[in-house]
Amino acid sequence: MKRITKLYFLGMLAAFSFSCESFEDLQLDPNRPVQAEPSLILTQIETNAFSSVSLGAALASRQLIYTNSLSENQYYGWQRASFNDYNQLRQVSKLAEEAERKNNESYRALALFLEAYYLVELSQVFGDIPASEAVLGSSGNFSPIYDPQERVYLSVLEKLEEANLILGPESGEILGDIIFNGDILKWKKLINSFHLRVLMSLSVKENNASLSIADRFEAIYANPTTYPIMESNQDNGALVYVDIEGNRYPTFNSNELRTAYYMEKSFVDRLKTLNDPRLFVYADKETNGRNLEDFDPSAYSGLGGADALSTNTNLLLEGVGSPIDSRYHSDPVNQPSLLMGYAELEFILAEAAIRNWISADAAEHYEKGIRASMEFNGISAEDTEAYLSQESVQLGGSDALKRLLTEKHTAFFMNSGWEPFFDQRRTGIPEFSLSEEIINPTGIPKRWMYPQSEIQLNLSNLNEALDRQFGGNDDINGIPWILKP
């Protein structure tokens, strides 16, 4: 699911340094473990965790369509996913070890946060996952148990709580930080904002007494001194690209993005109906609209995400269909990749207000979310205010939650990885188009199947997890615990 990115600095080639007292020691013990500076480990982990640009997620989230062949993401025909994120969890474990060796609590806090992040990513994909016994191969445990998803999330909430509490002025200097340059306050804001994302992802479990979701959420929101959260786009958990080989925007110079990816019809129609200025920075004009003004909505159109490949390719031959904006393949810097952004946080706060988890003005947070998204995409303040002034955009009435979640989906375009898909899976908003062309007859899958390697290497524990969750079936349509009321 996640693209593997190149290391952010050439210096990563020297990430591991030998800790040998003499050359003789090395000769006597060639297998002696090496030590790694936590700063170098952190850089490598950040490069992976914050690299969230995902064309597959944009296809599955009905924002883009693909025209070179049938896409399993567009047509929901996927089967198995990988456990590659466990490779990153091994690095996080090493970071925690080195934090202890260096007696640096800041690195330990970041290790807790990054462990929580990867556990959430894995659990969102599969359901129950190895967690408490994960990455213990060095101690001889190559067949970890699968923790129930509820237990995974409880442990994640504990890790995020601890990470925030141990970070502070005296917790230690953070070096090798390509996200916040060692700014501890910004890290606390990201950790607590992510904590709120995790709590909102559990909204279906609102009445679960052991989770106490609303109480946990309100405790963070109501205590900004203890739990600071993002306050602007300057606090975004963002990986900024630069025009240097290996550090450019992931789809820069992608000929396939230039020729095979087009805007999805329901997404474009929404933007046009709402007079959304983001249309003009998300998309380029279709062939039939080349002679029209750049800011003329009629110069733009989309192709059906659920329509047959042949239907879409024939429409392209007729000049119909807007490609993704050229900046996504022609600008080496383009825009940062977000692990989580301020706009998302404001939409989460607005939803929490609608759900009565917090005492706050939902409309105020909603509008802040829209403004943050507009700013992130380079839309002027004047165009932003004109957009917000429309009655069709303003929050209120019985469809408030629908308007809110639809705006959140719009703001997710080409950032935050698979979060727009998971958010829609949780709420059903916006409704994704389906037709007889969809490969999965049940519609939109609820999960991915476990890796083939688990059948070969950890079958007993895998079967126990499948029995507990899905009656023994490893099925993309199986409903994981997180989605069961």
# chains A, B, ... in the order shown; residues from 1 in each chain; ligands from 1
>>> residues_around(residues="stretch 257-264 of chain A", least_positions_apart="3", cutoff="8 Å", atoms="only C-alpha atoms", output="short mmCIF file (atom, residue, chain, number, x, y, z; two decimals) with all heavy atoms, in the first residue's frame")
data_model
loop_
_atom_site.label_atom_id
_atom_site.label_comp_id
_atom_site.auth_asym_id
_atom_site.auth_seq_id
_atom_site.Cartn_x
_atom_site.Cartn_y
_atom_site.Cartn_z
N ARG A 62 -11.94 7.63 -4.76
CA ARG A 62 -12.75 8.27 -5.78
C ARG A 62 -12.36 9.73 -6.00
O ARG A 62 -13.21 10.62 -6.10
CB ARG A 62 -14.24 8.16 -5.43
CG ARG A 62 -14.80 6.74 -5.58
CD ARG A 62 -14.89 6.36 -7.05
NE ARG A 62 -15.46 5.03 -7.25
CZ ARG A 62 -14.74 3.94 -7.53
NH1 ARG A 62 -13.43 4.02 -7.64
NH2 ARG A 62 -15.34 2.78 -7.74
N GLN A 63 -11.05 9.94 -6.08
CA GLN A 63 -10.53 11.26 -6.44
C GLN A 63 -9.86 11.22 -7.82
O GLN A 63 -9.87 12.22 -8.53
CB GLN A 63 -9.53 11.73 -5.37
CG GLN A 63 -10.18 11.95 -4.01
CD GLN A 63 -9.18 12.18 -2.91
OE1 GLN A 63 -8.01 11.76 -3.00
NE2 GLN A 63 -9.60 12.85 -1.85
N LEU A 64 -9.26 10.09 -8.16
CA LEU A 64 -8.62 9.89 -9.46
C LEU A 64 -9.13 8.61 -10.10
O LEU A 64 -9.71 7.76 -9.42
CB LEU A 64 -7.10 9.79 -9.31
CG LEU A 64 -6.32 11.01 -8.83
CD1 LEU A 64 -4.85 10.66 -8.67
CD2 LEU A 64 -6.50 12.19 -9.77
N ILE A 65 -8.92 8.48 -11.41
CA ILE A 65 -9.13 7.20 -12.10
C ILE A 65 -7.88 6.90 -12.92
O ILE A 65 -7.06 7.79 -13.19
CB ILE A 65 -10.39 7.21 -13.00
CG1 ILE A 65 -10.22 8.18 -14.17
CG2 ILE A 65 -11.63 7.56 -12.20
CD1 ILE A 65 -10.18 7.51 -15.49
N TYR A 66 -7.75 5.64 -13.32
CA TYR A 66 -6.54 5.17 -14.03
C TYR A 66 -6.98 4.58 -15.35
O TYR A 66 -7.99 3.87 -15.42
CB TYR A 66 -5.84 4.12 -13.17
CG TYR A 66 -4.57 3.55 -13.73
CD1 TYR A 66 -3.43 4.35 -13.88
CD2 TYR A 66 -4.48 2.21 -14.08
CE1 TYR A 66 -2.26 3.81 -14.36
CE2 TYR A 66 -3.31 1.67 -14.57
CZ TYR A 66 -2.19 2.48 -14.71
OH TYR A 66 -1.02 1.95 -15.20
N THR A 67 -6.21 4.85 -16.42
CA THR A 67 -6.67 4.46 -17.75
C THR A 67 -5.74 3.51 -18.51
O THR A 67 -6.04 3.15 -19.64
CB THR A 67 -6.88 5.71 -18.62
OG1 THR A 67 -5.64 6.43 -18.74
CG2 THR A 67 -7.96 6.61 -18.03
N ASN A 68 -4.62 3.11 -17.92
CA ASN A 68 -3.72 2.20 -18.64
C ASN A 68 -4.17 0.74 -18.56
O ASN A 68 -3.85 -0.06 -19.43
CB ASN A 68 -2.30 2.31 -18.12
CG ASN A 68 -1.51 3.39 -18.84
OD1 ASN A 68 -2.04 4.06 -19.73
ND2 ASN A 68 -0.26 3.57 -18.47
N THR A 251 6.06 11.79 -7.28
CA THR A 251 5.59 11.54 -8.64
C THR A 251 6.20 12.51 -9.66
O THR A 251 5.73 12.59 -10.79
CB THR A 251 4.05 11.65 -8.70
OG1 THR A 251 3.64 12.93 -8.22
CG2 THR A 251 3.40 10.55 -7.87
N SER A 254 6.90 11.59 -13.46
CA SER A 254 6.20 10.34 -13.72
C SER A 254 5.41 10.45 -15.03
O SER A 254 4.41 11.17 -15.10
CB SER A 254 5.24 10.00 -12.57
OG SER A 254 4.38 8.93 -12.93
N PHE A 267 -15.98 13.56 -7.97
CA PHE A 267 -15.12 14.51 -7.27
C PHE A 267 -15.12 15.85 -8.00
O PHE A 267 -15.32 16.91 -7.39
CB PHE A 267 -13.70 13.93 -7.18
CG PHE A 267 -12.77 14.69 -6.27
CD1 PHE A 267 -13.04 14.82 -4.93
CD2 PHE A 267 -11.60 15.26 -6.77
CE1 PHE A 267 -12.18 15.51 -4.08
CE2 PHE A 267 -10.73 15.95 -5.93
CZ PHE A 267 -11.02 16.07 -4.59
N VAL A 268 -14.94 15.82 -9.33
CA VAL A 268 -14.96 17.06 -10.10
C VAL A 268 -16.33 17.71 -10.07
O VAL A 268 -16.45 18.94 -9.91
CB VAL A 268 -14.54 16.78 -11.57
CG1 VAL A 268 -14.76 18.01 -12.44
CG2 VAL A 268 -13.08 16.36 -11.63
N ALA A 283 -6.70 19.99 -10.78
CA ALA A 283 -6.90 19.42 -12.12
C ALA A 283 -6.43 20.38 -13.20
O ALA A 283 -6.32 21.60 -12.99
CB ALA A 283 -8.39 19.13 -12.33
N SER A 301 -13.72 18.33 -16.42
CA SER A 301 -14.68 17.25 -16.20
C SER A 301 -13.94 16.02 -15.69
O SER A 301 -12.70 15.96 -15.75
CB SER A 301 -15.44 16.90 -17.49
OG SER A 301 -14.58 16.24 -18.41
N GLY A 302 -14.69 15.07 -15.19
CA GLY A 302 -14.09 13.85 -14.67
C GLY A 302 -14.63 12.62 -15.37
O GLY A 302 -15.59 12.69 -16.15
N LEU A 303 -14.00 11.50 -15.09
CA LEU A 303 -14.41 10.20 -15.64
C LEU A 303 -14.84 9.30 -14.50
O LEU A 303 -14.33 9.40 -13.38
CB LEU A 303 -13.26 9.57 -16.43
CG LEU A 303 -12.73 10.41 -17.59
CD1 LEU A 303 -11.45 9.79 -18.15
CD2 LEU A 303 -13.78 10.54 -18.69
N GLY A 304 -15.79 8.40 -14.77
CA GLY A 304 -16.40 7.59 -13.71
C GLY A 304 -15.48 6.57 -13.10
O GLY A 304 -14.96 5.69 -13.80
N GLY A 305 -15.30 6.65 -11.80
CA GLY A 305 -14.45 5.67 -11.11
C GLY A 305 -14.99 4.26 -11.18
O GLY A 305 -14.23 3.29 -11.13
N GLY A 321 -12.54 14.63 -20.03
CA GLY A 321 -11.77 14.14 -18.89
C GLY A 321 -10.56 15.00 -18.58
O GLY A 321 -9.67 15.18 -19.43
N SER A 322 -10.50 15.53 -17.38
CA SER A 322 -9.38 16.38 -16.96
C SER A 322 -8.27 15.53 -16.34
O SER A 322 -8.53 14.71 -15.46
CB SER A 322 -9.84 17.40 -15.92
OG SER A 322 -10.67 18.38 -16.50
N PRO A 323 -7.04 15.74 -16.78
CA PRO A 323 -5.92 15.08 -16.10
C PRO A 323 -5.65 15.76 -14.76
O PRO A 323 -6.11 16.88 -14.50
CB PRO A 323 -4.75 15.29 -17.07
CG PRO A 323 -5.10 16.53 -17.82
CD PRO A 323 -6.60 16.56 -17.92
N ILE A 324 -4.90 15.09 -13.91
CA ILE A 324 -4.46 15.71 -12.67
C ILE A 324 -3.58 16.91 -13.02
O ILE A 324 -2.92 16.92 -14.06
CB ILE A 324 -3.71 14.68 -11.78
CG1 ILE A 324 -3.44 15.26 -10.38
CG2 ILE A 324 -2.42 14.22 -12.45
CD1 ILE A 324 -2.88 14.24 -9.41
N SER A 326 -0.71 19.50 -13.61
CA SER A 326 0.66 19.18 -14.03
C SER A 326 1.68 19.35 -12.91
O SER A 326 2.76 18.75 -12.96
CB SER A 326 1.07 20.05 -15.22
OG SER A 326 1.04 21.42 -14.87
N HIS A 329 3.33 16.21 -11.43
CA HIS A 329 4.39 15.47 -12.12
C HIS A 329 5.49 16.36 -12.68
O HIS A 329 6.53 15.85 -13.11
CB HIS A 329 3.81 14.59 -13.24
CG HIS A 329 2.95 15.32 -14.23
ND1 HIS A 329 3.46 16.19 -15.17
CD2 HIS A 329 1.60 15.31 -14.44
CE1 HIS A 329 2.47 16.67 -15.92
NE2 HIS A 329 1.33 16.17 -15.49
#
>>> residues_around(residues="A:Thr287", least_positions_apart="4", cutoff="9 Å", atoms="only C-alpha atoms", output="list in words")
Asn291, Ala299, Tyr300, Leu316, Glu318, Gly319, Val320, Gly321 and Ser322 of chain A
>>> select_by_dssp(residues="stretch 259-468 of chain A", states="alpha helix (DSSP H)", output="number ranges by chain")
A: 259-260, 265-273, 279-282, 309-317, 327-330, 342-354, 362-376, 381-388, 400-411, 419-427, 452-457, 459-468
>>> residues_around(residues="stretch 76-83 of chain A", least_positions_apart="3", cutoff="6 Å", atoms="only C-alpha atoms", output="list of chain:residue names")
A:Glu72, A:Asn73, A:Tyr86, A:Ile439, A:Asn440, A:Trp448, A:Met449, A:Tyr450, A:Pro451
>>> atom_distance(atom1="atom CA of A:Ser460", atom2="atom CA of A:Gly472")
11.6 Å
>>> select_by_dssp(residues="stretch 183-404 of chain A", states="strand (DSSP E)", output="NGL selection string")
:A and (237-239 or 261-263 or 337-340)
>>> residues_around(residues="A:Ser359", least_positions_apart="6", cutoff="10 Å", atoms="only C-alpha atoms", output="mmCIF file with N, CA, C and O atoms, in the first residue's frame")
data_model
loop_
_atom_site.group_PDB
_atom_site.id
_atom_site.type_symbol
_atom_site.label_atom_id
_atom_site.label_comp_id
_atom_site.auth_asym_id
_atom_site.auth_seq_id
_atom_site.Cartn_x
_atom_site.Cartn_y
_atom_site.Cartn_z
ATOM 1 N N GLU A 218 -12.277 14.827 25.079
ATOM 2 C CA GLU A 218 -12.538 16.087 25.771
ATOM 3 C C GLU A 218 -11.382 16.466 26.681
ATOM 4 O O GLU A 218 -11.038 17.660 26.811
ATOM 5 N N TYR A 221 -8.761 18.081 24.441
ATOM 6 C CA TYR A 221 -9.216 19.352 23.877
ATOM 7 C C TYR A 221 -9.303 20.451 24.945
ATOM 8 O O TYR A 221 -8.978 21.623 24.681
ATOM 9 N N ALA A 222 -9.716 20.090 26.142
ATOM 10 C CA ALA A 222 -9.972 21.083 27.192
ATOM 11 C C ALA A 222 -8.718 21.476 27.966
ATOM 12 O O ALA A 222 -8.784 22.369 28.817
ATOM 13 N N ALA A 352 -16.262 16.261 16.347
ATOM 14 C CA ALA A 352 -16.409 16.003 17.787
ATOM 15 C C ALA A 352 -17.463 16.921 18.394
ATOM 16 O O ALA A 352 -18.232 16.515 19.276
ATOM 17 N N ALA A 353 -17.525 18.164 17.918
ATOM 18 C CA ALA A 353 -18.547 19.094 18.417
ATOM 19 C C ALA A 353 -19.939 18.647 18.005
ATOM 20 O O ALA A 353 -20.889 18.705 18.802
#
>>> residues_around(residues="stretch 231-243 of chain A", least_positions_apart="4", cutoff="6 Å", atoms="only C-alpha atoms", output="PyMOL selection string")
chain A and resi 50+179+247-249+332-333+336-342
>>> write_last_selection(atoms="N, CA, C and O atoms", output="PDB file, in the first residue's frame")
ATOM      1  N   PHE A  50       6.399   9.845   7.044  1.00  0.00           N
ATOM      2  CA  PHE A  50       5.772  11.081   6.587  1.00  0.00           C
ATOM      3  C   PHE A  50       5.612  11.130   5.074  1.00  0.00           C
ATOM      4  O   PHE A  50       5.078  12.102   4.546  1.00  0.00           O
ATOM      5  N   ILE A 179      11.594  16.852  10.134  1.00  0.00           N
ATOM      6  CA  ILE A 179      10.195  17.304  10.142  1.00  0.00           C
ATOM      7  C   ILE A 179      10.059  18.620  10.903  1.00  0.00           C
ATOM      8  O   ILE A 179       9.577  19.618  10.367  1.00  0.00           O
ATOM      9  N   ASN A 247      15.238  13.513  -3.262  1.00  0.00           N
ATOM     10  CA  ASN A 247      14.449  14.268  -2.287  1.00  0.00           C
ATOM     11  C   ASN A 247      13.301  15.024  -2.945  1.00  0.00           C
ATOM     12  O   ASN A 247      12.711  15.909  -2.324  1.00  0.00           O
ATOM     13  N   ARG A 248      12.988  14.691  -4.193  1.00  0.00           N
ATOM     14  CA  ARG A 248      11.948  15.401  -4.925  1.00  0.00           C
ATOM     15  C   ARG A 248      10.573  14.785  -4.658  1.00  0.00           C
ATOM     16  O   ARG A 248      10.468  13.666  -4.150  1.00  0.00           O
ATOM     17  N   TYR A 249       9.541  15.524  -5.046  1.00  0.00           N
ATOM     18  CA  TYR A 249       8.167  15.030  -4.907  1.00  0.00           C
ATOM     19  C   TYR A 249       8.062  13.638  -5.548  1.00  0.00           C
ATOM     20  O   TYR A 249       8.593  13.417  -6.645  1.00  0.00           O
ATOM     21  N   PRO A 332       9.235  19.594  -8.988  1.00  0.00           N
ATOM     22  CA  PRO A 332      10.013  18.698  -8.124  1.00  0.00           C
ATOM     23  C   PRO A 332       9.756  18.895  -6.643  1.00  0.00           C
ATOM     24  O   PRO A 332      10.039  18.019  -5.836  1.00  0.00           O
ATOM     25  N   VAL A 333       9.209  20.052  -6.270  1.00  0.00           N
ATOM     26  CA  VAL A 333       8.916  20.348  -4.871  1.00  0.00           C
ATOM     27  C   VAL A 333       7.421  20.228  -4.597  1.00  0.00           C
ATOM     28  O   VAL A 333       6.998  19.636  -3.602  1.00  0.00           O
ATOM     29  N   PRO A 336       4.265  19.763   0.417  1.00  0.00           N
ATOM     30  CA  PRO A 336       4.738  18.749   1.364  1.00  0.00           C
ATOM     31  C   PRO A 336       3.817  17.525   1.412  1.00  0.00           C
ATOM     32  O   PRO A 336       2.638  17.595   1.072  1.00  0.00           O
ATOM     33  N   SER A 337       4.381  16.438   1.852  1.00  0.00           N
ATOM     34  CA  SER A 337       3.613  15.221   2.128  1.00  0.00           C
ATOM     35  C   SER A 337       3.220  15.241   3.598  1.00  0.00           C
ATOM     36  O   SER A 337       4.057  15.477   4.469  1.00  0.00           O
ATOM     37  N   LEU A 338       1.949  14.977   3.872  1.00  0.00           N
ATOM     38  CA  LEU A 338       1.436  15.101   5.236  1.00  0.00           C
ATOM     39  C   LEU A 338       1.222  13.739   5.893  1.00  0.00           C
ATOM     40  O   LEU A 338       0.526  12.891   5.353  1.00  0.00           O
ATOM     41  N   LEU A 339       1.824  13.543   7.047  1.00  0.00           N
ATOM     42  CA  LEU A 339       1.383  12.444   7.907  1.00  0.00           C
ATOM     43  C   LEU A 339       0.031  12.838   8.501  1.00  0.00           C
ATOM     44  O   LEU A 339      -0.902  12.055   8.538  1.00  0.00           O
ATOM     45  N   MET A 340      -0.054  14.084   8.960  1.00  0.00           N
ATOM     46  CA  MET A 340      -1.321  14.661   9.405  1.00  0.00           C
ATOM     47  C   MET A 340      -1.197  16.172   9.319  1.00  0.00           C
ATOM     48  O   MET A 340      -0.161  16.741   9.655  1.00  0.00           O
ATOM     49  N   GLY A 341      -2.271  16.827   8.865  1.00  0.00           N
ATOM     50  CA  GLY A 341      -2.250  18.269   8.723  1.00  0.00           C
ATOM     51  C   GLY A 341      -3.257  18.966   9.614  1.00  0.00           C
ATOM     52  O   GLY A 341      -4.195  18.357  10.144  1.00  0.00           O
ATOM     53  N   TYR A 342      -3.064  20.273   9.738  1.00  0.00           N
ATOM     54  CA  TYR A 342      -3.931  21.110  10.568  1.00  0.00           C
ATOM     55  C   TYR A 342      -5.376  21.119  10.072  1.00  0.00           C
ATOM     56  O   TYR A 342      -6.313  21.108  10.877  1.00  0.00           O
TER      57      TYR A 342
END
>>> closest_residue(among="A:Glu121, A:Glu344, A:Phe113, A:Lys186", to="A:Glu158", atoms="only C-alpha atoms")
A:Phe113
>>> residues_around(residues="A:Val281", least_positions_apart="5", cutoff="9 Å", atoms="only C-alpha atoms", output="list in words")
Ile324, Asp325, Arg327, Asn377, Gly378 and Ile379 of chain A
>>> write_last_selection(atoms="N, CA and C atoms", output="compact mmCIF listing (two decimals), in the first residue's frame")
# COMPACT_ATOMS: atom_id res chain seq x y z
N ILE A 324 -4.90 15.09 -13.91
CA ILE A 324 -4.46 15.71 -12.67
C ILE A 324 -3.58 16.91 -13.02
N ASP A 325 -3.57 17.92 -12.17
CA ASP A 325 -2.81 19.12 -12.47
C ASP A 325 -1.33 18.79 -12.68
N ARG A 327 1.34 20.13 -11.88
CA ARG A 327 2.32 20.32 -10.80
C ARG A 327 2.68 19.02 -10.11
N ASN A 377 -3.17 24.69 -0.33
CA ASN A 377 -3.18 24.53 -1.78
C ASN A 377 -2.98 25.85 -2.53
N GLY A 378 -2.59 26.89 -1.81
CA GLY A 378 -2.24 28.14 -2.46
C GLY A 378 -3.41 28.98 -2.94
N ILE A 379 -4.60 28.78 -2.39
CA ILE A 379 -5.78 29.57 -2.76
C ILE A 379 -5.75 30.89 -2.00
